[in-house]
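Reproduced below: upload_4.cif, with mmCIF, C-alpha atoms.
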data_coords
loop_
_atom_site.label_atom_id
_atom_site.label_comp_id
_atom_site.auth_asym_id
_atom_site.auth_seq_id
_atom_site.Cartn_x
_atom_site.Cartn_y
_atom_site.Cartn_z
CA MET A 281 -20.48 -73.62 191.92
CA ILE A 282 -21.82 -76.64 190.14
CA MET A 283 -22.09 -79.95 191.96
CA GLY A 284 -21.11 -82.85 189.74
CA LYS A 285 -19.55 -86.26 189.45
CA VAL A 286 -16.35 -86.98 187.54
CA PHE A 287 -17.42 -89.13 184.62
CA GLY A 288 -14.14 -89.54 182.75
CA THR A 289 -11.15 -87.78 181.26
CA VAL A 290 -10.70 -85.97 177.97
CA ILE A 291 -7.42 -86.24 176.06
CA SER A 292 -6.32 -83.39 173.79
CA THR A 293 -2.87 -83.33 172.21
CA SER A 294 -3.36 -80.37 169.90
CA LYS A 295 -4.30 -77.60 172.29
CA ASN A 296 -3.52 -74.04 173.38
CA SER A 297 0.03 -73.90 174.77
CA GLN A 298 -1.22 -72.51 178.09
CA LEU A 299 -3.19 -75.71 178.63
CA VAL A 300 -0.25 -78.11 178.48
CA GLY A 301 0.04 -80.18 181.64
CA TYR A 302 -3.55 -79.80 182.81
CA LYS A 303 -5.90 -82.72 183.24
CA PHE A 304 -9.34 -82.31 181.67
CA MET A 305 -12.20 -84.05 183.40
CA LEU A 306 -15.66 -84.67 182.02
CA VAL A 307 -18.08 -83.78 184.82
CA GLN A 308 -21.76 -84.73 184.91
CA HIS A 309 -24.10 -82.38 186.75
CA ILE A 310 -25.91 -83.47 189.92
CA GLU A 311 -29.28 -81.87 190.70
CA ASN A 312 -31.19 -82.85 193.82
CA ASP A 313 -28.93 -85.88 194.45
CA ALA A 314 -29.48 -87.27 190.96
CA LEU A 315 -27.17 -87.26 187.95
CA VAL A 316 -28.76 -85.32 185.13
CA ASP A 317 -28.02 -85.38 181.39
CA LYS A 318 -25.76 -82.31 181.43
CA PHE A 319 -21.98 -82.33 181.17
CA LEU A 320 -19.04 -79.94 181.11
CA VAL A 321 -15.28 -80.29 180.83
CA ALA A 322 -13.33 -78.85 183.78
CA VAL A 323 -9.61 -78.69 184.52
CA ASP A 324 -8.74 -80.61 187.65
CA GLY A 325 -7.34 -78.40 190.38
CA VAL A 326 -7.52 -80.76 193.37
CA GLY A 327 -6.56 -84.26 192.21
CA ALA A 328 -10.10 -85.55 191.74
CA GLY A 329 -10.65 -89.11 190.50
CA ILE A 330 -13.30 -90.70 188.34
CA GLY A 331 -16.49 -91.31 190.27
CA GLU A 332 -15.86 -88.61 192.88
CA LYS A 333 -18.37 -85.88 193.60
CA VAL A 334 -16.86 -82.45 193.05
CA LEU A 335 -17.45 -78.71 193.10
CA VAL A 336 -16.78 -76.93 189.81
CA ALA A 337 -16.18 -73.18 189.62
CA THR A 338 -16.91 -71.55 186.28
CA GLY A 339 -15.91 -68.37 184.49
CA SER A 340 -12.90 -66.32 185.55
CA ALA A 341 -12.87 -68.26 188.85
CA ALA A 342 -11.36 -71.18 186.94
CA ARG A 343 -8.14 -69.25 186.33
CA LEU A 344 -7.92 -68.40 190.02
CA ALA A 345 -8.31 -72.08 190.84
CA LEU A 346 -5.31 -72.92 188.66
CA ASP A 347 -3.42 -69.80 189.75
CA ASN A 348 -2.75 -69.10 186.09
CA LYS A 349 -4.31 -65.91 184.81
CA ASP A 350 -3.30 -66.72 181.23
CA ALA A 351 -4.92 -70.16 180.91
CA PRO A 352 -7.93 -70.05 178.56
CA VAL A 353 -10.20 -72.09 180.82
CA ASP A 354 -13.74 -71.46 182.01
CA ALA A 355 -14.27 -74.34 184.46
CA ALA A 356 -12.12 -75.94 187.15
CA ILE A 357 -12.68 -78.49 189.88
CA VAL A 358 -12.08 -76.64 193.17
CA GLY A 359 -13.14 -79.20 195.77
CA ILE A 360 -13.99 -82.85 196.36
CA ILE A 361 -17.32 -83.24 198.15
CA ASP A 362 -17.28 -85.37 201.32
CA GLU A 363 -20.94 -85.12 202.06
CA LYS A 364 -24.05 -83.07 201.66
CA GLN A 365 -26.18 -82.26 204.69
CA GLY A 366 -29.81 -81.21 204.52
CA MET B 14 -15.31 -76.00 178.68
CA ILE B 15 -17.90 -77.20 176.24
CA MET B 16 -17.33 -80.38 174.27
CA GLY B 17 -18.53 -80.06 170.71
CA LYS B 18 -18.07 -80.98 167.09
CA VAL B 19 -17.16 -78.52 164.36
CA PHE B 20 -20.20 -78.35 162.12
CA GLY B 21 -19.16 -75.70 159.63
CA THR B 22 -17.75 -72.22 159.16
CA VAL B 23 -19.40 -68.82 159.32
CA ILE B 24 -18.37 -66.07 156.91
CA SER B 25 -18.72 -62.43 157.96
CA THR B 26 -17.29 -59.60 155.86
CA SER B 27 -18.80 -56.68 157.73
CA LYS B 28 -17.47 -57.17 161.24
CA ASN B 29 -15.68 -55.50 164.13
CA SER B 30 -12.15 -54.53 163.05
CA GLN B 31 -10.61 -56.57 165.88
CA LEU B 32 -12.11 -59.72 164.36
CA VAL B 33 -10.42 -59.46 160.98
CA GLY B 34 -8.36 -62.55 160.21
CA TYR B 35 -10.11 -64.91 162.60
CA LYS B 36 -11.92 -68.03 161.48
CA PHE B 37 -15.41 -68.51 162.89
CA MET B 38 -16.55 -72.07 163.42
CA LEU B 39 -20.07 -73.26 164.06
CA VAL B 40 -19.81 -75.82 166.86
CA GLN B 41 -22.52 -78.27 167.84
CA HIS B 42 -22.65 -79.34 171.49
CA ILE B 43 -21.98 -82.95 172.51
CA GLU B 44 -23.65 -84.26 175.66
CA ASN B 45 -23.06 -87.81 176.80
CA ASP B 46 -21.42 -88.80 173.49
CA ALA B 47 -24.37 -87.56 171.43
CA LEU B 48 -24.73 -84.41 169.35
CA VAL B 49 -27.53 -82.27 170.73
CA ASP B 50 -29.53 -79.50 169.08
CA LYS B 51 -27.44 -76.66 170.53
CA PHE B 52 -24.87 -74.58 168.65
CA LEU B 53 -22.47 -71.72 169.21
CA VAL B 54 -19.98 -69.83 167.07
CA ALA B 55 -16.38 -69.98 168.31
CA VAL B 56 -13.17 -68.50 166.94
CA ASP B 57 -10.69 -71.19 165.99
CA GLY B 58 -7.53 -71.03 168.05
CA VAL B 59 -5.96 -74.40 167.22
CA GLY B 60 -6.53 -75.11 163.51
CA ALA B 61 -9.58 -77.32 163.97
CA GLY B 62 -11.33 -78.78 160.92
CA ILE B 63 -14.93 -79.59 160.14
CA GLY B 64 -16.01 -82.82 161.80
CA GLU B 65 -13.42 -82.70 164.58
CA LYS B 66 -14.36 -82.90 168.24
CA VAL B 67 -13.16 -79.86 170.13
CA LEU B 68 -13.03 -78.10 173.48
CA VAL B 69 -14.53 -74.60 173.50
CA ALA B 70 -13.71 -72.06 176.23
CA THR B 71 -16.27 -69.33 176.78
CA GLY B 72 -16.31 -65.86 178.30
CA SER B 73 -13.13 -63.90 178.91
CA ALA B 74 -11.15 -67.13 178.43
CA ALA B 75 -11.75 -66.75 174.69
CA ARG B 76 -9.57 -63.64 174.56
CA LEU B 77 -6.80 -65.47 176.38
CA ALA B 78 -7.03 -68.27 173.83
CA LEU B 79 -6.45 -65.78 171.01
CA ASP B 80 -3.92 -63.81 173.04
CA ASN B 81 -5.82 -60.66 172.05
CA LYS B 82 -7.38 -58.82 174.97
CA ASP B 83 -9.19 -56.42 172.63
CA ALA B 84 -11.04 -58.96 170.48
CA PRO B 85 -14.80 -58.89 171.19
CA VAL B 86 -15.20 -62.67 171.35
CA ASP B 87 -16.85 -64.88 173.94
CA ALA B 88 -15.98 -68.36 172.65
CA ALA B 89 -12.82 -69.94 171.23
CA ILE B 90 -11.73 -73.45 170.33
CA VAL B 91 -8.82 -74.25 172.66
CA GLY B 92 -8.19 -77.93 171.94
CA ILE B 93 -8.90 -80.80 169.57
CA ILE B 94 -10.15 -83.89 171.41
CA ASP B 95 -8.27 -87.13 170.72
CA GLU B 96 -10.38 -89.34 172.89
CA LYS B 97 -12.63 -89.49 175.92
CA GLN B 98 -11.99 -92.10 178.57
CA GLY B 99 -14.60 -93.24 181.08
CA MET C 53 -20.87 -66.04 169.86
CA ILE C 54 -24.56 -66.42 169.28
CA MET C 55 -25.91 -66.65 165.75
CA GLY C 56 -29.15 -64.72 165.39
CA LYS C 57 -31.42 -62.65 163.19
CA VAL C 58 -32.26 -59.01 163.87
CA PHE C 59 -35.95 -58.99 164.69
CA GLY C 60 -36.51 -55.34 165.53
CA THR C 61 -35.34 -52.37 167.56
CA VAL C 62 -35.95 -51.41 171.16
CA ILE C 63 -36.46 -47.77 172.13
CA SER C 64 -35.50 -46.59 175.60
CA THR C 65 -35.50 -42.92 176.53
CA SER C 66 -34.91 -43.26 180.25
CA LYS C 67 -31.63 -45.16 180.42
CA ASN C 68 -28.16 -45.23 181.90
CA SER C 69 -26.20 -42.18 180.66
CA GLN C 70 -23.45 -44.40 179.22
CA LEU C 71 -26.01 -45.93 176.85
CA VAL C 72 -27.05 -42.69 175.12
CA GLY C 73 -26.52 -42.89 171.38
CA TYR C 74 -26.46 -46.66 171.08
CA LYS C 75 -28.99 -48.59 169.00
CA PHE C 76 -30.60 -51.56 170.73
CA MET C 77 -31.56 -54.47 168.53
CA LEU C 78 -33.83 -57.35 169.43
CA VAL C 79 -32.10 -60.47 168.15
CA GLN C 80 -33.74 -63.87 167.76
CA HIS C 81 -31.51 -66.93 168.16
CA ILE C 82 -30.84 -69.27 165.24
CA GLU C 83 -30.08 -72.92 166.02
CA ASN C 84 -29.38 -75.37 163.21
CA ASP C 85 -30.58 -72.89 160.54
CA ALA C 86 -33.93 -72.35 162.24
CA LEU C 87 -35.18 -69.41 164.28
CA VAL C 88 -35.96 -70.54 167.83
CA ASP C 89 -38.13 -68.92 170.47
CA LYS C 90 -35.24 -67.23 172.29
CA PHE C 91 -34.37 -63.54 172.15
CA LEU C 92 -31.86 -61.07 173.55
CA VAL C 93 -31.25 -57.35 173.19
CA ALA C 94 -27.83 -56.42 171.80
CA VAL C 95 -26.24 -53.07 171.04
CA ASP C 96 -25.46 -52.69 167.36
CA GLY C 97 -21.76 -52.35 166.68
CA VAL C 98 -21.67 -52.90 162.93
CA GLY C 99 -24.68 -51.18 161.38
CA ALA C 100 -26.89 -54.25 161.17
CA GLY C 101 -30.41 -53.94 159.77
CA ILE C 102 -33.65 -55.70 160.53
CA GLY C 103 -33.75 -59.16 158.98
CA GLU C 104 -29.98 -59.60 158.77
CA LYS C 105 -28.22 -62.59 160.28
CA VAL C 106 -25.63 -61.52 162.82
CA LEU C 107 -23.03 -62.66 165.32
CA VAL C 108 -23.61 -61.47 168.89
CA ALA C 109 -20.82 -61.41 171.48
CA THR C 110 -21.93 -61.54 175.12
CA GLY C 111 -20.44 -60.62 178.47
CA SER C 112 -17.45 -58.30 178.79
CA ALA C 113 -16.79 -58.81 175.05
CA ALA C 114 -19.71 -56.45 174.39
CA ARG C 115 -17.81 -53.52 175.86
CA LEU C 116 -14.82 -54.33 173.67
CA ALA C 117 -17.10 -54.34 170.65
CA LEU C 118 -18.24 -50.81 171.46
CA ASP C 119 -14.77 -49.74 172.56
CA ASN C 120 -16.37 -48.30 175.68
CA LYS C 121 -15.28 -49.97 178.90
CA ASP C 122 -17.84 -48.01 180.92
CA ALA C 123 -20.99 -48.96 179.00
CA PRO C 124 -23.20 -51.28 181.07
CA VAL C 125 -23.89 -53.71 178.24
CA ASP C 126 -23.64 -57.49 178.06
CA ALA C 127 -24.37 -58.15 174.39
CA ALA C 128 -23.27 -56.51 171.13
CA ILE C 129 -23.59 -57.33 167.46
CA VAL C 130 -20.01 -57.84 166.21
CA GLY C 131 -20.55 -59.11 162.68
CA ILE C 132 -23.07 -59.51 159.87
CA ILE C 133 -23.15 -63.07 158.55
CA ASP C 134 -22.72 -63.49 154.78
CA GLU C 135 -23.07 -67.21 154.70
CA LYS C 136 -22.67 -70.41 156.63
CA GLN C 137 -20.77 -73.31 155.11
CA GLY C 138 -21.13 -76.92 156.25
CA MET D 77 -29.25 -62.18 191.30
CA ILE D 78 -30.90 -65.52 191.77
CA MET D 79 -33.63 -65.93 194.36
CA GLY D 80 -33.34 -69.23 196.19
CA LYS D 81 -33.81 -71.16 199.39
CA VAL D 82 -30.95 -72.68 201.39
CA PHE D 83 -31.44 -76.42 201.09
CA GLY D 84 -28.40 -77.71 202.94
CA THR D 85 -24.65 -77.53 203.32
CA VAL D 86 -21.86 -79.13 201.34
CA ILE D 87 -18.73 -80.40 203.10
CA SER D 88 -15.43 -80.49 201.21
CA THR D 89 -12.13 -81.27 202.98
CA SER D 90 -9.92 -81.56 199.94
CA LYS D 91 -10.32 -78.19 198.27
CA ASN D 92 -8.48 -75.20 196.83
CA SER D 93 -6.49 -73.48 199.60
CA GLN D 94 -8.27 -70.16 198.98
CA LEU D 95 -11.56 -71.81 199.92
CA VAL D 96 -10.57 -72.87 203.44
CA GLY D 97 -12.90 -71.40 206.04
CA TYR D 98 -15.84 -70.74 203.76
CA LYS D 99 -19.22 -72.34 204.21
CA PHE D 100 -20.76 -73.89 201.10
CA MET D 101 -24.53 -73.85 200.88
CA LEU D 102 -26.69 -75.80 198.49
CA VAL D 103 -29.30 -73.35 197.21
CA GLN D 104 -32.49 -74.31 195.38
CA HIS D 105 -33.85 -71.82 192.85
CA ILE D 106 -37.20 -70.11 193.41
CA GLU D 107 -39.19 -69.03 190.34
CA ASN D 108 -42.53 -67.31 190.72
CA ASP D 109 -42.75 -68.17 194.46
CA ALA D 110 -42.19 -71.88 193.83
CA LEU D 111 -39.11 -74.02 194.38
CA VAL D 112 -37.94 -75.47 191.08
CA ASP D 113 -35.68 -78.43 190.38
CA LYS D 114 -32.51 -76.37 189.90
CA PHE D 115 -29.66 -76.06 192.39
CA LEU D 116 -26.30 -74.36 192.79
CA VAL D 117 -23.63 -74.24 195.48
CA ALA D 118 -22.90 -70.77 196.85
CA VAL D 119 -20.48 -69.57 199.49
CA ASP D 120 -22.29 -67.97 202.40
CA GLY D 121 -21.45 -64.31 202.82
CA VAL D 122 -24.18 -63.21 205.23
CA GLY D 123 -24.71 -65.99 207.80
CA ALA D 124 -27.70 -67.58 206.09
CA GLY D 125 -29.31 -70.65 207.64
CA ILE D 126 -31.00 -73.69 206.16
CA GLY D 127 -34.54 -72.87 205.02
CA GLU D 128 -33.94 -69.16 204.58
CA LYS D 129 -34.72 -67.40 201.31
CA VAL D 130 -31.63 -65.71 199.92
CA LEU D 131 -30.19 -63.66 197.08
CA VAL D 132 -27.25 -65.25 195.27
CA ALA D 133 -24.83 -63.22 193.14
CA THR D 134 -22.96 -65.14 190.46
CA GLY D 135 -19.78 -64.67 188.47
CA SER D 136 -17.07 -62.23 189.51
CA ALA D 137 -19.58 -60.63 191.91
CA ALA D 138 -19.07 -63.61 194.21
CA ARG D 139 -15.48 -62.58 194.92
CA LEU D 140 -16.64 -59.06 195.73
CA ALA D 141 -19.16 -60.51 198.16
CA LEU D 142 -16.39 -62.34 200.02
CA ASP D 143 -13.97 -59.43 199.60
CA ASN D 144 -11.40 -61.94 198.38
CA LYS D 145 -10.30 -61.43 194.80
CA ASP D 146 -8.31 -64.66 194.83
CA ALA D 147 -11.07 -67.07 195.88
CA PRO D 148 -12.08 -69.35 192.98
CA VAL D 149 -15.80 -68.96 193.53
CA ASP D 150 -18.63 -68.11 191.12
CA ALA D 151 -21.61 -67.82 193.47
CA ALA D 152 -22.13 -66.22 196.88
CA ILE D 153 -25.11 -65.50 199.09
CA VAL D 154 -25.29 -61.69 199.38
CA GLY D 155 -28.57 -61.16 201.21
CA ILE D 156 -31.31 -62.84 203.23
CA ILE D 157 -34.76 -62.05 201.83
CA ASP D 158 -37.30 -60.67 204.31
CA GLU D 159 -40.17 -60.42 201.91
CA LYS D 160 -41.18 -60.04 198.33
CA GLN D 161 -43.74 -57.39 197.37
CA GLY D 162 -45.77 -57.46 194.20
CA MET E 295 -29.49 -57.51 177.65
CA ILE E 296 -32.59 -59.20 178.88
CA MET E 297 -35.99 -57.71 178.16
CA GLY E 298 -38.32 -58.03 181.13
CA LYS E 299 -41.15 -56.57 183.16
CA VAL E 300 -40.79 -55.41 186.75
CA PHE E 301 -42.91 -57.80 188.77
CA GLY E 302 -42.23 -56.59 192.31
CA THR E 303 -39.60 -55.66 194.85
CA VAL E 304 -37.47 -57.79 197.12
CA ILE E 305 -36.68 -56.64 200.66
CA SER E 306 -33.45 -57.75 202.33
CA THR E 307 -32.31 -56.29 205.65
CA SER E 308 -29.41 -58.62 206.34
CA LYS E 309 -27.21 -58.15 203.30
CA ASN E 310 -23.69 -57.40 202.10
CA SER E 311 -22.70 -53.89 203.25
CA GLN E 312 -22.00 -52.80 199.67
CA LEU E 313 -25.66 -53.41 198.83
CA VAL E 314 -27.13 -50.98 201.37
CA GLY E 315 -29.30 -48.35 199.69
CA TYR E 316 -30.01 -50.26 196.51
CA LYS E 317 -33.49 -51.27 195.43
CA PHE E 318 -33.91 -54.88 194.35
CA MET E 319 -36.50 -55.57 191.70
CA LEU E 320 -37.93 -58.91 190.71
CA VAL E 321 -37.98 -58.95 186.91
CA GLN E 322 -39.89 -61.41 184.77
CA HIS E 323 -38.43 -62.28 181.37
CA ILE E 324 -40.25 -61.34 178.16
CA GLU E 325 -39.69 -63.52 175.09
CA ASN E 326 -41.42 -62.71 171.82
CA ASP E 327 -43.77 -60.16 173.50
CA ALA E 328 -44.96 -62.68 176.09
CA LEU E 329 -44.07 -62.99 179.78
CA VAL E 330 -42.39 -66.34 180.40
CA ASP E 331 -41.93 -68.26 183.64
CA LYS E 332 -38.38 -67.06 184.27
CA PHE E 333 -37.34 -64.45 186.83
CA LEU E 334 -34.24 -62.70 188.12
CA VAL E 335 -33.51 -60.07 190.75
CA ALA E 336 -31.87 -56.90 189.44
CA VAL E 337 -30.75 -53.72 191.17
CA ASP E 338 -32.62 -50.72 189.88
CA GLY E 339 -30.37 -48.20 188.19
CA VAL E 340 -32.92 -46.00 186.43
CA GLY E 341 -35.92 -45.54 188.76
CA ALA E 342 -38.09 -48.24 187.21
CA GLY E 343 -41.53 -48.93 188.64
CA ILE E 344 -43.59 -52.07 188.99
CA GLY E 345 -45.20 -53.04 185.68
CA GLU E 346 -42.67 -51.24 183.49
CA LYS E 347 -40.80 -53.02 180.72
CA VAL E 348 -37.07 -52.77 181.23
CA LEU E 349 -33.65 -53.74 179.91
CA VAL E 350 -31.48 -55.69 182.35
CA ALA E 351 -27.70 -55.95 181.95
CA THR E 352 -26.06 -58.95 183.57
CA GLY E 353 -22.58 -59.88 184.75
CA SER E 354 -19.89 -57.29 185.34
CA ALA E 355 -22.02 -54.78 183.38
CA ALA E 356 -24.24 -54.51 186.46
CA ARG E 357 -21.46 -52.85 188.45
CA LEU E 358 -20.90 -50.36 185.64
CA ALA E 359 -24.60 -49.55 185.69
CA LEU E 360 -24.40 -48.68 189.39
CA ASP E 361 -20.99 -47.03 188.98
CA ASN E 362 -19.82 -49.09 191.96
CA LYS E 363 -17.10 -51.57 191.16
CA ASP E 364 -17.30 -53.09 194.64
CA ALA E 365 -21.00 -53.97 194.70
CA PRO E 366 -21.52 -57.75 194.53
CA VAL E 367 -24.27 -57.61 191.94
CA ASP E 368 -24.74 -59.49 188.67
CA ALA E 369 -27.86 -57.82 187.25
CA ALA E 370 -29.04 -54.22 186.99
CA ILE E 371 -31.86 -52.42 185.23
CA VAL E 372 -30.20 -50.07 182.72
CA GLY E 373 -33.17 -48.74 180.75
CA ILE E 374 -36.94 -48.41 180.67
CA ILE E 375 -38.39 -49.59 177.36
CA ASP E 376 -40.67 -47.14 175.56
CA GLU E 377 -41.51 -49.35 172.66
CA LYS E 378 -40.35 -52.18 170.52
CA GLN E 379 -40.40 -51.86 166.74
CA GLY E 380 -40.39 -54.78 164.36
#

Could you quickly redo this structure as structure tokens?
Amino acid sequence: MIMGKVFGTVISTSKNSQLVGYKFMLVQHIENDALVDKFLVAVDGVGAGIGEKVLVATGSAARLALDNKDAPVDAAIVGIIDEKQG
Amino acid sequence: MIMGKVFGTVISTSKNSQLVGYKFMLVQHIENDALVDKFLVAVDGVGAGIGEKVLVATGSAARLALDNKDAPVDAAIVGIIDEKQG
Amino acid sequence: MIMGKVFGTVISTSKNSQLVGYKFMLVQHIENDALVDKFLVAVDGVGAGIGEKVLVATGSAARLALDNKDAPVDAAIVGIIDEKQG
Amino acid sequence: MIMGKVFGTVISTSKNSQLVGYKFMLVQHIENDALVDKFLVAVDGVGAGIGEKVLVATGSAARLALDNKDAPVDAAIVGIIDEKQG
Amino acid sequence: MIMGKVFGTVISTSKNSQLVGYKFMLVQHIENDALVDKFLVAVDGVGAGIGEKVLVATGSAARLALDNKDAPVDAAIVGIIDEKQG
């Protein structure tokens, strides 16, 4: 999974019908505790808010996260990070 | 999903028979509000036009976007972006 | 899909039995109309020749392109590019 | 598979219900015997400890590693590396 | 597929039970005839030796290469390269 921080939201009105109702979050990657200049858009699966650190699952795992095998998504937020140890 | 901007179209006459009828768009990646020197070709699934900001789903999600499990595609435009907040 | 140019062919005698009969092409990536120093090997699915610009589908899409769900391939040429507009 | 070193653990209380009970490890990539500035979060499937060198399988392979086809994960530790020869 | 050169072997005693019996090879990427500083670990599916140039299939293709749909692997050597033309 990718570790990232929720940077903002993305609004799309004209979209695939299977995506209606989902919230799209712009997530910035974190590498070695620092935000890096790399972003992806992930569907929120856990109620994450802007500024929170999250885990993003990519690929077919994203559909499992949403429990919707027909949603054309390739990234979903699957957890909010409390802390990192080590 | 990848956030990008539709840069142009790609015309291919000699192609896999499952791809006939699809529109291929050249999409330039957007990172942190700026266009970056990275491109991919995605099938249009939402009627996107040149210059529009879009969401692109990659991998097996692309077939779901087209509702065609036999199409040999790995990227599809699944939404047109209205705005980004945050 | 990746936009690329067929650079050459790759010959492999000792290979997985499901790959016998396929033609392996070395494809160089094109970004923003320029060849970049990035390559991949793709199975030819459309009769592409050296020097032609092509579309390459990656991942499970490659098996769909060959219509062979048992072939251990992750990249296939799915179209020959006539032109790019925009 | 990716070769990496377990750097630490990641704690997430609010997460997808299919992820409850798994241990998330922050893994740093190793390239050519050296740690590089690239990280990913992988579910532990073999009881790996901090500081150990491991093999990480990505994509759908991660669900096979956990023997849980419903877990929304895209990376799992599948082996602890004893040594590298050559 | 990735073109690479077998650099060495990786030994793992404590590993996922589905991986017992497989040989893990450290493969260095080749780009434009030159070895680059990028590596991955692939299961050997064709009896490749150290120093040989090989084709590596990634993702779900790796399980097809091993003919084992339960093996948590994401990369397998599927061919030994005799020569490259062009």

| field | chain E residues near chain C (10 Å cut-off, all atoms listed in the file) as a PyMOL selection string | value | chain E and resi 295-297+324-326+339-342+347-361+370-380

Could you do a least-squares fit of chain D on chain E over every C-alpha atom, in sequence order, and give the output as a CSV table (one decimal) with C-alpha atoms, keeping the file's coordinate frame?
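Writing done, so here's part27.csv:
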chain,number,residue,atom,x,y,z
D,77,MET,CA,-29.5,-57.5,177.7
D,78,ILE,CA,-32.6,-59.2,178.9
D,79,MET,CA,-36.0,-57.7,178.2
D,80,GLY,CA,-38.3,-58.0,181.1
D,81,LYS,CA,-41.1,-56.6,183.2
D,82,VAL,CA,-40.8,-55.4,186.8
D,83,PHE,CA,-42.9,-57.8,188.8
D,84,GLY,CA,-42.2,-56.6,192.3
D,85,THR,CA,-39.6,-55.7,194.8
D,86,VAL,CA,-37.5,-57.8,197.1
D,87,ILE,CA,-36.7,-56.6,200.7
D,88,SER,CA,-33.5,-57.8,202.3
D,89,THR,CA,-32.3,-56.3,205.7
D,90,SER,CA,-29.4,-58.6,206.3
D,91,LYS,CA,-27.2,-58.2,203.3
D,92,ASN,CA,-23.7,-57.4,202.1
D,93,SER,CA,-22.7,-53.9,203.2
D,94,GLN,CA,-22.0,-52.8,199.7
D,95,LEU,CA,-25.7,-53.4,198.8
D,96,VAL,CA,-27.1,-51.0,201.4
D,97,GLY,CA,-29.3,-48.4,199.7
D,98,TYR,CA,-30.0,-50.3,196.5
D,99,LYS,CA,-33.5,-51.3,195.4
D,100,PHE,CA,-33.9,-54.9,194.4
D,101,MET,CA,-36.5,-55.6,191.7
D,102,LEU,CA,-37.9,-58.9,190.7
D,103,VAL,CA,-38.0,-58.9,186.9
D,104,GLN,CA,-39.9,-61.4,184.8
D,105,HIS,CA,-38.4,-62.3,181.4
D,106,ILE,CA,-40.2,-61.3,178.2
D,107,GLU,CA,-39.7,-63.5,175.1
D,108,ASN,CA,-41.4,-62.7,171.8
D,109,ASP,CA,-43.8,-60.2,173.5
D,110,ALA,CA,-44.9,-62.7,176.1
D,111,LEU,CA,-44.1,-63.0,179.8
D,112,VAL,CA,-42.4,-66.3,180.4
D,113,ASP,CA,-41.9,-68.3,183.6
D,114,LYS,CA,-38.4,-67.1,184.3
D,115,PHE,CA,-37.3,-64.4,186.8
D,116,LEU,CA,-34.2,-62.7,188.1
D,117,VAL,CA,-33.5,-60.1,190.8
D,118,ALA,CA,-31.9,-56.9,189.4
D,119,VAL,CA,-30.8,-53.7,191.2
D,120,ASP,CA,-32.6,-50.7,189.9
D,121,GLY,CA,-30.4,-48.2,188.2
D,122,VAL,CA,-32.9,-46.0,186.4
D,123,GLY,CA,-35.9,-45.5,188.7
D,124,ALA,CA,-38.1,-48.2,187.2
D,125,GLY,CA,-41.5,-48.9,188.6
D,126,ILE,CA,-43.6,-52.1,189.0
D,127,GLY,CA,-45.2,-53.0,185.7
D,128,GLU,CA,-42.7,-51.2,183.5
D,129,LYS,CA,-40.8,-53.0,180.7
D,130,VAL,CA,-37.1,-52.8,181.2
D,131,LEU,CA,-33.7,-53.7,179.9
D,132,VAL,CA,-31.5,-55.7,182.3
D,133,ALA,CA,-27.7,-56.0,181.9
D,134,THR,CA,-26.1,-59.0,183.6
D,135,GLY,CA,-22.6,-59.9,184.7
D,136,SER,CA,-19.9,-57.3,185.3
D,137,ALA,CA,-22.0,-54.8,183.4
D,138,ALA,CA,-24.2,-54.5,186.5
D,139,ARG,CA,-21.5,-52.8,188.5
D,140,LEU,CA,-20.9,-50.4,185.6
D,141,ALA,CA,-24.6,-49.6,185.7
D,142,LEU,CA,-24.4,-48.7,189.4
D,143,ASP,CA,-21.0,-47.0,189.0
D,144,ASN,CA,-19.8,-49.1,192.0
D,145,LYS,CA,-17.1,-51.6,191.2
D,146,ASP,CA,-17.3,-53.1,194.6
D,147,ALA,CA,-21.0,-54.0,194.7
D,148,PRO,CA,-21.5,-57.8,194.5
D,149,VAL,CA,-24.3,-57.6,191.9
D,150,ASP,CA,-24.7,-59.5,188.7
D,151,ALA,CA,-27.9,-57.8,187.2
D,152,ALA,CA,-29.0,-54.2,187.0
D,153,ILE,CA,-31.9,-52.4,185.2
D,154,VAL,CA,-30.2,-50.1,182.7
D,155,GLY,CA,-33.2,-48.7,180.8
D,156,ILE,CA,-36.9,-48.4,180.7
D,157,ILE,CA,-38.4,-49.6,177.4
D,158,ASP,CA,-40.7,-47.2,175.6
D,159,GLU,CA,-41.5,-49.4,172.7
D,160,LYS,CA,-40.3,-52.2,170.5
D,161,GLN,CA,-40.4,-51.9,166.7
D,162,GLY,CA,-40.4,-54.8,164.3

| field | Between atom CA of Lys81 of chain D and atom CA of His105 of chain D - distance in Å to one decimal | value | 6.6 Å

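What separates atom CA of Ala47 of chain B from atom CA of Tyr35 of chain B is a distance of 28.2 Å.
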
Provide an axis-aligned box for all listed atoms of segment 114-122 of chain D, padding each side by 8 Å; report its centre and its edge lengths in Å to one decimal, as AutoDock Vina command-line options.
--center_x -26.5 --center_y -69.8 --center_z 197.6 --size_x 28.0 --size_y 29.2 --size_z 31.3

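Going from atom CA of Val96 of chain D to atom CA of Gly125 of chain D covers 19.3 Å.
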